[in-house]
Structures are given as structure tokens and as C-alpha cells.
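*Asks:* Pasting a structure here, questions to come.
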Amino acid sequence: LRPCTSRALACATDASVADAAHREAVERVGAVAASNGASLDLSGLGLVAVPDEVFDLLGGPDSRLEALSLASNALTQLPPRIRELPRLVLLALAGNTLLGLPDALGECAHLEGLWAHGNAIRELPATLGRCTALQTLSLSGNELEALPEALGALRALRSLAVAGNRLRALPEATGDMAALESLEAHGNAIEALPRSVSRLYSLKSLALQGNALRGVGCLAPLGGCRQLEALNVASNAQLEELPGSLAELPRLTELMAYGTAL
């Protein structure tokens, strides 16, 4: 009986904690609603689901909510009702256990910053490409094996972080992200850059350490990145050659290549 009793006590404790987290969240939602506020912080509460009150009290066509933090909880999904926050500009989802993002996120047309690192996301919805106001997209520390070509529509994106995933390649549409300045793709299994990277004329920082770069020309597209200042290709054991065009990049002042076959 003791093991059963212990499990029952543990379940009761978990339920009590979840109820307390929900009550605290609802109180915060109510306070923001009462003040007609534009920012809601529900981070670190231990939430296992997004309370309906977020959308019932703060959502709709006249929603004023612009910033929502759900970081550091225990969420496994973001509900499709996220579309009911049409004025959302900043959304923090980091440090949960999300397995994916809903298609409905693509309806948040004003979204400028999305932080979803440190989850278990396996696949991104193609509709994310509709969030054309995005400037910062943080997806590091997930389980992504590929990125949708639709991300090429994010032409206002300045910072993309996809480090620590399972990527073997970047999409050919990467070169369409005309405003991109920082690309963090270290800790994946990328073998070569797509040719379109040569069109990233605003790129200043590129982190590719700890990948699987190999073959002559795997970095050749960088010759077109005239604003590149920092390049890290360290810990790519099979990287034997750097393109000569790197020497012609006028702003390149930081190059890290230890742990390679150069």
C-alpha cells in the first residue's frame, strides 16, 4: 500500500501546485485587464497550460496586449487561440517543453520577437513565414531537423538563432532574409551553406562551430557577405579548406577555426 499511497500523495501535490499556478496566473491576467495594460508576464509559474482567461479577458479584435511571457513553465503546447491576440509584438516561450508551434501563430501579423529556445520543438509551421514583421527569432536548443523554406519570407528578420538542433542543412530560402545580421547555427550537423547565403549582404556575425562542414566550397557562398565581421567555424573536424574570398571581405576581423583540419 505504501507505494500507492506515495503516488497518490505525489499526484495530489502536483495538482495542488498546478492549481496554485493557475490561480496566480488568473490574478495577473485580471490585473492587466483591469488596468487595460499591454504586457502580461506569466513566466516561471509552473503552468501546464495557458489559462483560457488570457484570451477571454485580453483577446479579441480590440485586444491591447503587445507583450506576453510564458517562459519557464511546463507547457507542452501553445493553443491556437494565440490568434486572438492580433496586436502581439513580443512572445516569450523559452524554457518549456513545447513539441511544436500552432499554425495559428502565423496570424500574429505584428509579431517582432519570438523566443522559443530551450523546448522540444521538432517542426515549425510554414505559416510562421507570414509573421513578416519578425526581427528576432530564437529557436536554439530544440529538436529541429529542418527549417521550412517559408522562413525566407521573413525579410525584416535581423537575428536568427537555431543552435543546438539537429539540422543537416539550412534552407535555400535563407538568402531571402535580406535584413539578417546575426545567424547562430552552431551545434548542428550542417555540411555546407546554401548558395543563397551569398545574398546576405547585411550579415555581420555567423556562428557555425560544432557542425559537420566538409568539402571544397562548403563555405564558398560567404564571399558575397561583404558586411561579415565575425565567423566561427571551430570544431568542424573535416573542414580542410577556407574559401580564398574570405580574405577579400573588408570587415572580417574575427575568424575562429580551431579544431578543424585546416
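We label chains A, B, ... in the order they appear in the C-alpha cells, count residues from 1 in each chain, and number ligands from 1 in the order shown.
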Write down as a list in words the residues belonging to range 82-247 of chain A that are assigned strand (DSSP E or B) by DSSP computed on the backbone.

*Replies:* Leu90, Leu91, Ala92, Gly100, Gly113, Leu114, Trp115, Glu123, Thr136, Leu137, Ser138, Ser159, Leu160, Ala161, Ser182, Leu183, Glu184, Ser205, Leu206, Ala207, Ala230, Leu231 and Asn232 of chain A

*Asks:* Quick check for you: according to DSSP on this backbone, which residues of range 27-141 of chain A are classed as alpha helix (DSSP H)? Reply as a PyMOL selection string.

*Replies:* chain A and resi 27-35+53-58

*Asks:* Within 7 Å of range 171-174 of chain A, counting only C-alpha atoms, which residues show up once you throw out same-chain ones fewer than 4 positions away? Write them as a ChimeraX atom specification, please.

*Replies:* /A:147-149,152,194,196-197

*Asks:* Would you put the residues from that selection into a file with C-alpha atoms, as an mmCIF file, in the first residue's frame?

*Replies:*
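Ended up saving to part.cif:
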data_model
loop_
_atom_site.group_PDB
_atom_site.id
_atom_site.type_symbol
_atom_site.label_atom_id
_atom_site.label_comp_id
_atom_site.auth_asym_id
_atom_site.auth_seq_id
_atom_site.Cartn_x
_atom_site.Cartn_y
_atom_site.Cartn_z
ATOM 1 C CA LEU A 147 13.616 24.652 -41.308
ATOM 2 C CA PRO A 148 10.738 25.451 -43.687
ATOM 3 C CA GLU A 149 11.554 27.313 -46.887
ATOM 4 C CA GLY A 152 12.570 33.121 -46.460
ATOM 5 C CA PRO A 194 23.267 27.025 -49.319
ATOM 6 C CA SER A 196 21.765 31.753 -51.431
ATOM 7 C CA VAL A 197 23.799 32.826 -48.366
#

*Asks:* As an MDAnalysis selection string, please: the residues near Leu47 in chain A (cut-off 8 Å, only C-alpha atoms, same-chain neighbours under 2 positions excluded).

*Replies:* chainID A and resid 18 21:22 44:45 49:50 73:75

*Asks:* Give the answer as one residue: which of A:Ala150, A:Ala20, A:Leu208, A:Leu144 has the shortest atom-to-atom distance to Ala116 in chain A, using only C-alpha atoms?

*Replies:*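 Using only C-alpha atoms, Ala116 in chain A sits closest to A:Leu144.
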
*Asks:* Write out as a PyMOL selection string each polymer residue whose atoms come within 7 Å of range 29-40 of chain A, counting only C-alpha atoms; drop sequence neighbours fewer than 6 positions from it.

*Replies:* chain A and resi 53-54+57-58+64-69

*Asks:* For Asp103 in chain A, which residue out of A:Gly118, A:Arg83, A:Glu24, A:Val216 is the nearest one, using only C-alpha atoms?

*Replies:*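 Looking only at the distances to Asp103 in chain A, the closest residue turns out to be A:Arg83.
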
*Asks:* Need the shell around Gly223 in chain A: protein/DNA/RNA residues with any atom at most 7 Å away, counting only C-alpha atoms. Skip same-chain ones fewer than 6 positions apart. Format as a list in words?

*Replies:*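 Counting only C-alpha atoms, the residues come to Ser198, Ser245 and Leu246 of chain A.
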
*Asks:* Just write the chosen residues, N, CA, C and O atoms, as an mmCIF file, in the first residue's frame.

*Replies:*
data_model
loop_
_atom_site.group_PDB
_atom_site.id
_atom_site.type_symbol
_atom_site.label_atom_id
_atom_site.label_comp_id
_atom_site.auth_asym_id
_atom_site.auth_seq_id
_atom_site.Cartn_x
_atom_site.Cartn_y
_atom_site.Cartn_z
ATOM 1 N N SER A 198 25.073 33.832 -50.162
ATOM 2 C CA SER A 198 25.850 34.902 -50.801
ATOM 3 C C SER A 198 25.060 36.192 -50.934
ATOM 4 O O SER A 198 25.635 37.257 -51.170
ATOM 5 N N SER A 245 38.013 33.778 -50.970
ATOM 6 C CA SER A 245 37.228 35.019 -50.980
ATOM 7 C C SER A 245 37.085 35.622 -49.590
ATOM 8 O O SER A 245 36.782 36.818 -49.467
ATOM 9 N N LEU A 246 37.313 34.826 -48.532
ATOM 10 C CA LEU A 246 37.230 35.381 -47.175
ATOM 11 C C LEU A 246 38.259 36.489 -46.978
ATOM 12 O O LEU A 246 38.023 37.445 -46.225
#

*Asks:* Hey, which of A:Leu139, A:Leu91, A:Leu262, A:Cys225 ends up closest to Arg199 in chain A? Count only C-alpha atoms.

*Replies:*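 Of A:Leu139, A:Leu91, A:Leu262, A:Cys225, the one nearest Arg199 in chain A is A:Cys225, counting only C-alpha atoms.
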
*Asks:* So, with only C-alpha atoms as the atoms that count, which of A:Gly59, A:Leu183, A:Ala163, A:Ala71 lies closest to Gly46 in chain A?

*Replies:*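 Closest residue, counting only C-alpha atoms: A:Ala71.
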
*Asks:* Enter the distance from CA of Asn142 in chain A to CA of His117 in chain A, in Å, rounded to one decimal.

*Replies:*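 One can read the CA of Asn142 in chain A to CA of His117 in chain A distance as 6.5 Å.
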
*Asks:* Need to verify the contact set: Arg158 in chain A, 12 Å, only C-alpha atoms, exclusion of same-chain residues closer than 2 positions in sequence. Can you return it as a PyMOL selection string?

*Replies:* chain A and resi 112-113+132-138+154-156+160-161+176-184+200-205

*Asks:* With only C-alpha atoms as the atoms that count, which of A:Val26, A:Ala212, A:Leu128, A:Leu219 lies nearest to Glu107 in chain A?

*Replies:*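 The shortest atom-to-atom distance to Glu107 in chain A comes from A:Leu128.
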
*Asks:* Record the distance separating CA of Leu157 in chain A and CA of Leu88 in chain A, expressed in Å with one decimal.

*Replies:* 16.5 Å
